[in-house]
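Chemist: Pasting a structure below so you can have a look.
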Amino acid sequence: MRLLDRIDRPADLKSLTLAQLATLAQEIRGELLTTISALGGHLASSLGAVELCLALHYAFDAPEDRLLWDMGYQAFAHKLITGRRDRFHTLKQLGGLSGFNHKDESPYDLFTTGHGGTVLSTALGLVLADAQAKRPRHVVAVIGDASLGEGMALEALNHIGHLKPDLLVILNDNKMSIAPPVGGLSRYLSRLITNPIYNRLHADIEQLVKRLPHGSKLIRLGRKVEESVKGFVVPGLVFEELGFRYVGPIDGHNLRELITTLKNIKRLMVRPGSPFRPEQAPPQAGRVEGLKGPILLHVSTVKGKGYRFAEEDPERFHKTEPFDIETGQPKTMRNAECGMRSKGQKPRTPTPELRTRETFTEAFSDELIRLAEANKRIVAITAAMPEGTGVRAFAARYPGRCLDVGMAEQHALGLAGGLARGGARPVIAIYSTFLQRAYDQIMHELCLQELPVVLAIDRAGLVGEDGPTHHGVFDLAYLRVLPNLIVLSPKDPAELRAMLQWAFEQEHPVALRYARGGIVCGEPLGKPAKVAAGKSELLRSGKDLALLALGSLVYPALQVADALARDGVEAMVVNARFVKPLDGEMVRQAAQTGALVTLEEAQVAGGFGSAVSEALDAQERSGVPHLRIGLPDGFVEHGRRDELLRRAQLDPESLTRRIRAWHESSKTSAELRILTESAESV
């Protein structure tokens with residue numbers, strides 16, 4: 001029997017020896033590899049944080065002590081030892097475990113997480129709430145080195161340094177981007193700094209020196225000497241200057257060292273005993289029984305630890321498709337289709353095939369390189385997502401024209417504004433969910449300045465297994481209200497190529513949004529029509545009903561029209577293309593059919609359908625029946641994209657059923673209205 005099978009809660013760890021904990025760590029890595037190689041998902045970060053997770057739960061007493069993970073994909077070991085082991089095989093599957101921490105999944109998860117850089121702010125809030133309520137418990141926040149550069153994290157660091165709460169921040173550094181290689185001297189110094197005897201002596205000496213003539217000056221001089229010495233051997237001076245007590249770096253895979261250090265730090269931390277006002281920082285350190293104020297523990301880990309292929313290529317295994325454990329090679333999976341299914345047929349699971357259709361991301365990547373060959377002013381910007389957004393190939397071809405700003409979306413937008421003002425033609429390749437983090441910069445740095453920046457918004461719509469923190473379903477509502485911004489969406493990868501070329505020719509900011517993967521059903525229509533500002537594309541004529549579809553729902557709309565035609569209903573199908581400026585003339589023509597349906601893979605509230613409703617009002621056609629189809633006002637959970645589309649009734653079969661029923665109801669209502677009006681006139 002595996003040790004892992006005996007761990008149902010973190011308290012079970014405390015009876016294990018160090019040797020058993022080491023064995024458990026390897027069993028956890030085996031479980032991670034087995035599950036993620038079959039399902040796909042985030043892997044390398046969790047492989048690197050196994051010992052850290054075990055040591056944290058060994059030293060602290062969750063859930064009474066609050067252990068917070070900035071990015072949930074570091075915390076799969078945390079899931080396995082907090083009562084979710086038996087469901088781990090459902091990771092990121094519809095109805096299964098989330099790929100991140102989830103507040104409704106376990107009492108050990110306080111927040112639903114998915115965006116980096118948030119944990120320090122929420123941890124500080126917990127500490128202040130505990131202090132106010134006089135709850136004596138510890139709060140520990142784990143943050144990665146990449147997340148530490150995020151604007152929200154830096155703001156929180158600054159505030160924590162000002163308030164000096166009793167908080168432990170663990171910097172999980174898996175890239176060695178801050179620290180020099182871990183060595184014996186650093187480990188010795190860390191043990192010295194966290195040793196309770198050292199800290200009591202440190203405090204006693206300060207009290208003694210204060211009584212001497214010029215004692216305060218001597219203490220300040222002593223601190224400068226201490227920091228100067230520490231600055232030579234540890235990179236923590238910047239954190240000390242911010243108000244933290246810095247410890248480390250230590251080896252994040254040495255269980256003995258991790259547990260000893262964490263236990264020492266735990267003894268140093270003063271648990272909240274009385275409330276203090278946030279606007280007034282508590283006194284500085286000096287109490288004999290421990291340190292008053294925040295501590296930062298710097299832990300060096302190896303991303304992908306324990307799996308050779310992930311250690312050699314941690315970026316590829318940060319988030320991976322299903323792969324063969326023996327070779328590390330991906331199992332190519334078919335893009336899930338949403339074609340019409342016969343009644344009672346169960347959803348098909350993806351099956352391997354030799355090749356797949358071109359995706360939107362692949363088309364963007366290829367076309368960007370092609371355009372950049374002729375236009376030397378094109379510069380690409382990514383916020384720590386070169387692989388996912390398709391920019392990596394561009395960076396390899398034009399390394400001097402590709403800027404990865406790290407997890408700093410707000411800076412990316414400001415940087416693009418400066419580049420555009422300087423004469424460059426920047427394109428920001430970004431996921432829809434992460435663009436939300438830079439909303440003010442879209443308005444202030446791009447739209448207000450009227451700068452020609454292209455926002456290439458990938459993963460617009462339902463993204464699948466990453467769930468509510470990553471679905472890009474809000475962008476239409478928050479983008480179309482901004483002046484000077486053009487918003488458009490392609491129906492397929494070929495049209496994306498044409499739209500990208502057109503976008504670089506504009507003198508205004510352009511937001512080009514496209515879905516994950518490729519077209520979801522049907523066959524590609526071939527070369528798209530020429531792109532013109534605010535002009536849609538009529539794909540099919542019809543006199544009974546108009547289907548105005550945007551982006552990924554254009555091909556499903558064509559299948560719906562085919563199905564309705566078999567019922568004798570002639571449906572017009574329009575590829576809307578532009579959300580802003582909207583094609584008002586096409587809206588007028590569609591309204592003449594007497595019934596209008598808008599389709600979008602985004603929230604209905606404030607989106608494309610709302611824009612069409614506003615256009616109908618402006619044309620004094622608000623009486624025309626209009627069905628807005630999209631996503632409901634709520635958060636969509638995780639699952640395969642095709643499964644989520646069916647659940648949201650955005651697959652062709654569900655759309656046909658909904659539209660057929662609505663159209664029949666609308667006709668009946670219209671006939672009754674005509675009869676009523678005729679009777680009244682008589």
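Residue numbering restarts at 1 for every chain of the structure tokens, chains are lettered A, B, ... in their displayed order, and ligands are numbered from 1 as they appear.
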Excluding A:Asp12 and any residue of its chain fewer than 6 positions from it, enumerate the residues within 10 Å of it, using only C-alpha atoms, and give them as a list of chain:residue names.

Modeler: A:Arg6, A:His57, A:Tyr58, A:Ile81, A:Thr82

Chemist: DSSP on the backbone: which residues in stretch 338-553 of chain A end up as strand (DSSP E)? Give the answer as a PyMOL selection string.

Modeler: chain A and resi 378-382+402-404+425-431+454-458+486-488+510-513+537-540+545-549

Chemist: Please dump the current selection as a PDB file, in the first residue's frame; keep C-alpha atoms.

Modeler:
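The resulting file, selection34.pdb, is shown below:
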```
ATOM      1  CA  ILE A 378       5.889  45.555 -36.302  1.00  0.00           C
ATOM      2  CA  VAL A 379       6.805  44.695 -32.705  1.00  0.00           C
ATOM      3  CA  ALA A 380       5.200  41.882 -30.709  1.00  0.00           C
ATOM      4  CA  ILE A 381       4.554  42.079 -26.954  1.00  0.00           C
ATOM      5  CA  THR A 382       3.584  39.226 -24.661  1.00  0.00           C
ATOM      6  CA  CYS A 402       9.612  40.704 -29.472  1.00  0.00           C
ATOM      7  CA  LEU A 403       9.220  41.879 -25.872  1.00  0.00           C
ATOM      8  CA  ASP A 404       8.160  39.572 -23.051  1.00  0.00           C
ATOM      9  CA  ARG A 425       3.396  49.104 -34.911  1.00  0.00           C
ATOM     10  CA  PRO A 426       2.958  47.047 -31.746  1.00  0.00           C
ATOM     11  CA  VAL A 427       0.727  44.014 -31.387  1.00  0.00           C
ATOM     12  CA  ILE A 428      -0.049  42.660 -27.920  1.00  0.00           C
ATOM     13  CA  ALA A 429      -0.706  38.907 -27.967  1.00  0.00           C
ATOM     14  CA  ILE A 430      -2.718  38.186 -24.847  1.00  0.00           C
ATOM     15  CA  TYR A 431      -5.425  35.920 -23.480  1.00  0.00           C
ATOM     16  CA  VAL A 454      -3.361  45.832 -32.170  1.00  0.00           C
ATOM     17  CA  LEU A 455      -4.772  43.736 -29.331  1.00  0.00           C
ATOM     18  CA  ALA A 456      -4.587  40.115 -30.496  1.00  0.00           C
ATOM     19  CA  ILE A 457      -6.982  38.586 -27.969  1.00  0.00           C
ATOM     20  CA  ASP A 458      -6.607  34.811 -27.842  1.00  0.00           C
ATOM     21  CA  ILE A 486     -12.376  48.972 -33.202  1.00  0.00           C
ATOM     22  CA  VAL A 487     -13.595  45.522 -32.111  1.00  0.00           C
ATOM     23  CA  LEU A 488     -13.865  42.618 -34.540  1.00  0.00           C
ATOM     24  CA  VAL A 510      -7.896  47.543 -32.849  1.00  0.00           C
ATOM     25  CA  ALA A 511      -9.102  44.645 -30.681  1.00  0.00           C
ATOM     26  CA  LEU A 512      -9.102  41.381 -32.599  1.00  0.00           C
ATOM     27  CA  ARG A 513     -10.681  38.572 -30.555  1.00  0.00           C
ATOM     28  CA  GLU A 537     -20.490  39.433 -44.609  1.00  0.00           C
ATOM     29  CA  LEU A 538     -23.726  37.926 -45.948  1.00  0.00           C
ATOM     30  CA  LEU A 539     -23.184  34.179 -46.136  1.00  0.00           C
ATOM     31  CA  ARG A 540     -26.730  33.031 -46.871  1.00  0.00           C
ATOM     32  CA  LEU A 545     -35.400  34.762 -40.125  1.00  0.00           C
ATOM     33  CA  ALA A 546     -31.964  36.370 -39.757  1.00  0.00           C
ATOM     34  CA  LEU A 547     -29.075  34.819 -37.851  1.00  0.00           C
ATOM     35  CA  LEU A 548     -26.388  37.397 -37.028  1.00  0.00           C
ATOM     36  CA  ALA A 549     -23.431  35.398 -35.719  1.00  0.00           C
TER      37      ALA A 549
END
```

Chemist: One number please: atom CA of A:Leu52 to atom CA of A:Asn254, in Å, one decimal.

Modeler: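 Computing the Euclidean distance for atom CA of A:Leu52 and atom CA of A:Asn254 yields 8.8 Å.
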
Chemist: Using only C-alpha atoms, tabulate the residues of stretch 449-541 of chain A lying at most 8 Å from any atom of stretch 625-644 of chain A, each with its closest atom pair and that distance in Å to one decimal, by chain and increasing residue number, as JSON lines.

Modeler:
```
{"residue": "A:Leu462", "atom": "CA", "partner": "A:Arg641", "partner_atom": "CA", "distance": 6.2}
{"residue": "A:Val463", "atom": "CA", "partner": "A:Arg641", "partner_atom": "CA", "distance": 6.0}
{"residue": "A:Gly464", "atom": "CA", "partner": "A:Arg641", "partner_atom": "CA", "distance": 4.3}
{"residue": "A:Glu465", "atom": "CA", "partner": "A:Gly639", "partner_atom": "CA", "distance": 4.6}
{"residue": "A:Asp466", "atom": "CA", "partner": "A:His638", "partner_atom": "CA", "distance": 5.8}
{"residue": "A:Gly467", "atom": "CA", "partner": "A:His638", "partner_atom": "CA", "distance": 3.8}
{"residue": "A:Pro468", "atom": "CA", "partner": "A:Val636", "partner_atom": "CA", "distance": 5.4}
{"residue": "A:His471", "atom": "CA", "partner": "A:Val636", "partner_atom": "CA", "distance": 7.7}
{"residue": "A:Val473", "atom": "CA", "partner": "A:Leu631", "partner_atom": "CA", "distance": 7.8}
```

Chemist: Looking at only C-alpha atoms, which of A:Leu415, A:Val597, A:Lys667, A:Ala49 is the one that sits closest to A:Leu255?

Modeler: A:Ala49

Chemist: Would you mind listing what lies within 8 Å of A:Ala420 as a list in words, with only C-alpha atoms counted and same-chain residues fewer than 4 positions away left out?

Modeler: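 Counting only the stated atoms, we get Ala416, Ala424, Arg425, Pro426, Leu451, Pro452 and Val453 of chain A.
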
Chemist: Filtering to N, CA and C atoms, could you give me those residues as a compact mmCIF listing (two decimals), in the first residue's frame?

Modeler:
```
# COMPACT_ATOMS: atom_id res chain seq x y z
N ALA A 416 3.22 49.40 -25.10
CA ALA A 416 2.72 49.44 -26.48
C ALA A 416 2.36 50.87 -26.89
N ALA A 424 6.42 52.81 -33.99
CA ALA A 424 6.35 51.37 -34.19
C ALA A 424 4.90 50.93 -34.36
N ARG A 425 4.73 49.69 -34.77
CA ARG A 425 3.40 49.10 -34.91
C ARG A 425 3.30 47.90 -33.98
N PRO A 426 2.98 48.15 -32.71
CA PRO A 426 2.96 47.05 -31.75
C PRO A 426 1.69 46.21 -31.82
N LEU A 451 -3.97 55.61 -30.37
CA LEU A 451 -2.72 55.04 -30.86
C LEU A 451 -2.97 53.73 -31.60
N PRO A 452 -2.27 53.50 -32.70
CA PRO A 452 -2.47 52.29 -33.50
C PRO A 452 -1.79 51.07 -32.89
N VAL A 453 -2.46 50.48 -31.93
CA VAL A 453 -1.98 49.26 -31.28
C VAL A 453 -2.98 48.15 -31.56
```

Chemist: Find the spatial neighbours of A:Asp61, counting only C-alpha atoms, within a cut-off of 9 Å - ignore same-chain residues fewer than 3 positions away - and output them as a list in words.

Modeler: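 That gives Pro10, Ala11, Leu56, His57, Tyr58, Glu64, Asp65, Arg66 and His138 of chain A.
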
Chemist: A:Glu362: which residues within 9 Å, counting only C-alpha atoms, same-chain residues fewer than 5 positions away excluded, as JSON, numbers by chain?

Modeler: {"A": [367, 389, 390, 493, 517]}

Chemist: From the options A:Tyr73, A:Phe323, A:Trp502, A:Phe317, which residue's atoms come nearest to A:Thr34, counting only C-alpha atoms?

Modeler: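 For A:Thr34, the nearest of the candidates is A:Phe323.
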
Chemist: Need the shell around A:Ala55: protein/DNA/RNA residues with any atom at most 9 Å away, counting only C-alpha atoms. Skip same-chain ones fewer than 5 positions apart. Format as a ChimeraX atom specification?

Modeler: /A:21,50,60,255-256,258-260,262

Chemist: Under the rule that only C-alpha atoms are counted, which of A:Thr261, A:Gln410, A:Asp8, A:Glu505 is the nearest residue to A:Arg85?

Modeler: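 Answer, going by the shortest atom-to-atom distance: A:Asp8.
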
Chemist: With distances taken over only C-alpha atoms, which of A:Leu54, A:Leu128, A:Leu13, A:Ala44 is nearest to A:Lys175?

Modeler: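 Closest to A:Lys175 of all the choices is A:Ala44.
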
Chemist: Show me, as a list in words, the residues that have an atom within 10 Å of A:Gly30 when counting only C-alpha atoms, minus same-chain residues fewer than 5 positions from it.

Modeler: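 Close residues of A:Gly30: Leu24, Ala25, Thr35, Leu47, Gly306 and Tyr307 of chain A.
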